[in-house]
Amino acid sequence: MADNTSRQDGLQPTHEQSPATLGDEGVSSPKVQPKNQDENAPEPTKDAKKKHGFFHKKDKENASDPTEKKAEAEKVEKVRGVPPASPNTVAREQEKDRQEHPVKDKDPNQKDDEPKEGEDDGLTPEQRIENALKEVEATPNGLSAAEVKTRFDKYGPNALEEKHENKFWAWFKFAWNPLSWTMEVAAIIAIVLIDYVDFFLILGLLILNCTIAWFEERGSGNAIAALASQLAPTTKVLRDGEVQSTESANLVPGDIVLIRLGDVIPADAVILADTLKIDQSAMTGESLPVNKGPGDLIYSGAVIKQGEVRAVVTKTGKNTFLGQATELIRNVEDTNHFQKVLRSIGFFCIGIIVFFIAFELAFAFGYHKNYCTGDGERKCPSLNNILVILIGGIPIAMPTVLTVTMAIGSGQLAAKQAIVRRLTAIEEMAGMDVLCSDKTGTLTLNKLSVSDAKVYGAEATDEAKANVLFTAALASKPENEDAIDIAMVKCCSDEQKKKLLTYRQLMYHPFDPVGKKTFAKVKDADGKNFYAAKGAPQIILREASNNSEIKEAVEADILQLAKGGYRSLGIATSDDGNSWKMIGIVPLFDPPRHDTQSTIVKCGEMGIQVKMITGDQLAIAIETARLLGLGQNIHTTDKIDDLAEEALEKMLMEADGFAQVFPEHKFNIVKGIQHAGHTVGMTGDGVNDAPALKQADIGIAVHGATDAARDSSDIVLMTPGLSVIIDAIIGSRKIFQRMRNYSMYTLSVTVRICLTFGLLTVIWDFFYPPIAIVILAVVNDGVIITISRDRVKPSQEPDHWDLGEIFATAIALGSWLALSSLVLFWLVHDTTFFQRNFGLATLGDDRIRGLLYAQVSISGLATIFVTRSRYLAYMERPAVIVMVAFVLAQIVASILGAYGLDGYPNGPFSWRGAGWGYVLVAWIWCIIWFIPMDFIKLAIRALGKRMRGKRVNKKIAAEKSAASTPRPSQQGRMSQQGRPSQQGRPSQQAQRPGTIAQNPNGTPRDLRDPTKMPREEMRSPTVRSRTNQPSQGK
């Protein structure tokens, strides 16, 4: 997020800024030569181009309520009562000022002999403007409401044509995944064997799963779409002679739009007046902003980096350059981390199924001699029997349940004012262990309060202080809804506000990230013209003619104010725009939000390390960190590009925050933390936050974010501050727990089905009717979808997919369940245990199938109570809907176990009921075997932790050995794009708290020795590192 309230003040890293254009042309930044340098000057280095090209600090801060800002701006403008100058007057004054003070900044990508875009047509800017207006049949005064309606009907909305997914395909996609393909193979086998009943039941199971998922996703999607409609971008447009605010989708060719710094250009347009610097890298690949002037074409989707202009819209919607390009990439999809997890689970299931099918067929044909006797129903029982493993072994409902779980969860997050733009971001947010947060508007209120001004060159009387504030108001334009401009006018006394009515702004130069200031040409009541400026005090001081007289006092005041948490705004005046005099500093304060400190504490309790990233001066950042309860280990970014990779990652992880950052530093910080093995969330609201938001595993656009920030994010917050992020984190962790619980359950069922019925066939040559497994899957999978609404406890640490533990637990629980079924079958089939001890009847194979159905169904679905609990099942109450679903499913299972299907199907697959006596046996048997399952689960978890501990110890030992061995210096440096090289990359564990790193002399040391840690850090939980790698794209 950009720091709006600091964009003009002295709290930016001025030693890396391009020079101001406020005065003597010969004055330059201490480290960077001005862009208006001599043509023979050496070409800037690549690093300098990177720092001072694409990545600039933006000025627009949108974290506070835009509606409130607009109302304040209108109220202030009424106070000022400044009537708008006629377009001709403004044009003359601006042209005159440009001639007196030409802008000498030059596009670094443009050579002296290279024509600007549009100049190769041989036309002057005026001619190109005239042609553009003729082409769209418009005038500089804008369109009327009637003309807008006519053109809107003709051209349609200014929006890319939405790809409305075909409802049938939206349903069908749930049947198009590897797990479903296995079921479809089973259906094909059934139809080949002319087993119509099984074929239609398998088909019905597929249709049921797809339909449930489709309805759930559609319902959640509608709820999100309703809330997301509040995010429609708006544009200022000149219609009926008045400036209006309208949704960008309502623009038509011929509209006159007003665009300025931070805006995303809403449509292809031609500039009518003034100049811009825009970033169109998304369209053209240009890495640095380019200059655009009158008559130049600007593209929809480009971002304004400097200036403000009026432009005539020439193309809208799909006819724009961006619209045409978008059509070429509309169907491109990314494979995300969640899909990779599903693929791994699918391969696990398919591997087990293929093994047992091959195992069973080998024994059926080779040992039991169950050959096929022809084509048709029941002619090849061995092939019919493998349908049991195919149908029962594949967790057909898994993609549906997991997708529905995330869709329902996203709807729940939307109810808490967090819009999920990428569904799988929920899964990644559950594992977030580092949150990089901007300060202004997120950690703070972004509501400025003004203190007593500092006065220079005169006695600090009340009148002199008031004059400094009045001059600052003259250099402001509150109708731009800028927080600083509004604050400057509001702080004036009633008398000064009346005096403002007698002044007229002839020209206004908006803030730009290079000059770090605004200035205006003003005419007073006596008709005298003069200039007023406000901006970074270091910039104002450097350009001031009284620099030598006041420099020491100004620098002392800036430092003193910064230590107190104040930002400084330098104020200057000039008679001719060339010779400036600095008259004072206005102190500004942005207080923390009331909920910020508690939010940071909660993040620490949840294993998330919060790092503050701000463009403010180091002293301000440290003071703000103190007020918020963050650590005081705040770094500037001077050495980020110079550190070796190991040292860089160590510094990134130990730091509590970063000050004086540029956008490329945000990107590099996020990238570096990811390479240290962490899952990173990034909050932002501005255009210059977009690269970091896109790079982060979870990009979070905060309340009031610009279009560019929202487009680059995964989650959009609709309420101010960070507290809603806590709700989102808790919600995502609950969703993750449900997905993990279900995955462990369904994999256990897969192992159990394959083992049970595979071994029954191999050992006893016992066949089981596929129709029974189909019914079992329909009933149990139909009710298990309620797990998406289960009552769970969110983890206190970041979650991750530990597939090794999940697979091991599934194999252990599945094997235990299979053993329970095999022992029960042996007692009923090969002994007279139940006849002798309980007086029950002897069962034939057909009735044993009824008993097995009840036992497999009850014990299988009951497994969810084991996998959903963190410790013992009886200690964590499930949701009522889950309990009701279990009871209903087992009532059906008990009835089918007691009565069967009256001998259907015939032959070796005949299924009859076992009677209610044996159904009671099945319930008691399941309860007895259920009790040890919690301890099996806990034993597997403990074994997994022990194995992970051994691996960590081996890594530590290897690091100790490496630390004691001399080695060449690391060459892994951060590249210009923030991509660390892989050479010499340290182990993940080396960057985690509590593990071994190196002292400067090469000896190992503990990064988090409790005896040396501040008390605040000792209270904070250790941050865990995820074992999986960061997500590769969005």
# chains A, B, ... in the order shown; residues from 1 in each chain; ligands from 1
>>> residues_around(residues="Gly564 of chain A", least_positions_apart="4", cutoff="8 Å", atoms="only C-alpha atoms", output="PyMOL selection string")
chain A and resi 560+620+623
>>> select_by_dssp(residues="segment 762-856 of chain A", states="helix (DSSP H, G or I)", output="number ranges by chain")
A: 762-764, 770-789, 803-830, 833-838, 845-856
>>> atom_distance(atom1="atom CA of Ser568 of chain A", atom2="atom CA of Pro537 of chain A")
6.7 Å
>>> atom_distance(atom1="atom CA of Asp846 of chain A", atom2="atom CA of Cys380 of chain A")
18.5 Å
>>> atom_distance(atom1="atom CA of Tyr155 of chain A", atom2="atom CA of Val303 of chain A")
24.2 Å
>>> closest_residue(among="A:Lys154, A:Lys937, A:His829, A:Arg260", to="Phe807 of chain A", atoms="only C-alpha atoms")
A:Lys937
>>> residues_around(residues="Ala619 of chain A", least_positions_apart="5", cutoff="8 Å", atoms="only C-alpha atoms", output="list in words")
Leu559, Ala562, Lys563 and Gly565 of chain A
>>> select_by_dssp(residues="segment 589-652 of chain A", states="strand (DSSP E or B)", output="ChimeraX atom specification")
/A:589,592,609-613,634-636,644
>>> residues_around(residues="Ala705 of chain A", least_positions_apart="2", cutoff="6 Å", atoms="only C-alpha atoms", output="list in words")
Asn62, Asp685, Ala701, Val702 and His703 of chain A
>>> closest_atom_pairs(of="segment 753-807 of chain A", to="segment 908-917 of chain A", cutoff="9 Å", atoms="only C-alpha atoms", output="Markdown table")
| residue | atom | partner | partner_atom | distance |
| --- | --- | --- | --- | --- |
| A:Phe766 | CA | A:Pro908 | CA | 8.2 |
| A:Phe767 | CA | A:Phe909 | CA | 6.1 |
| A:Tyr768 | CA | A:Phe909 | CA | 5.7 |
| A:Pro769 | CA | A:Phe909 | CA | 4.9 |
| A:Pro770 | CA | A:Phe909 | CA | 8.4 |
| A:Ala772 | CA | A:Trp911 | CA | 8.4 |
>>> residues_around(residues="Cys436 of chain A", least_positions_apart="3", cutoff="7 Å", atoms="only C-alpha atoms", output="number ranges by chain")
A: 610-613, 681-683
>>> closest_residue(among="A:Gly293, A:Gly366, A:Gly323, A:Gly804", to="Val309 of chain A", atoms="only C-alpha atoms")
A:Gly293
>>> closest_residue(among="A:Ser859, A:Thr867, A:Thr440, A:Ser180", to="Thr809 of chain A", atoms="only C-alpha atoms")
A:Thr867
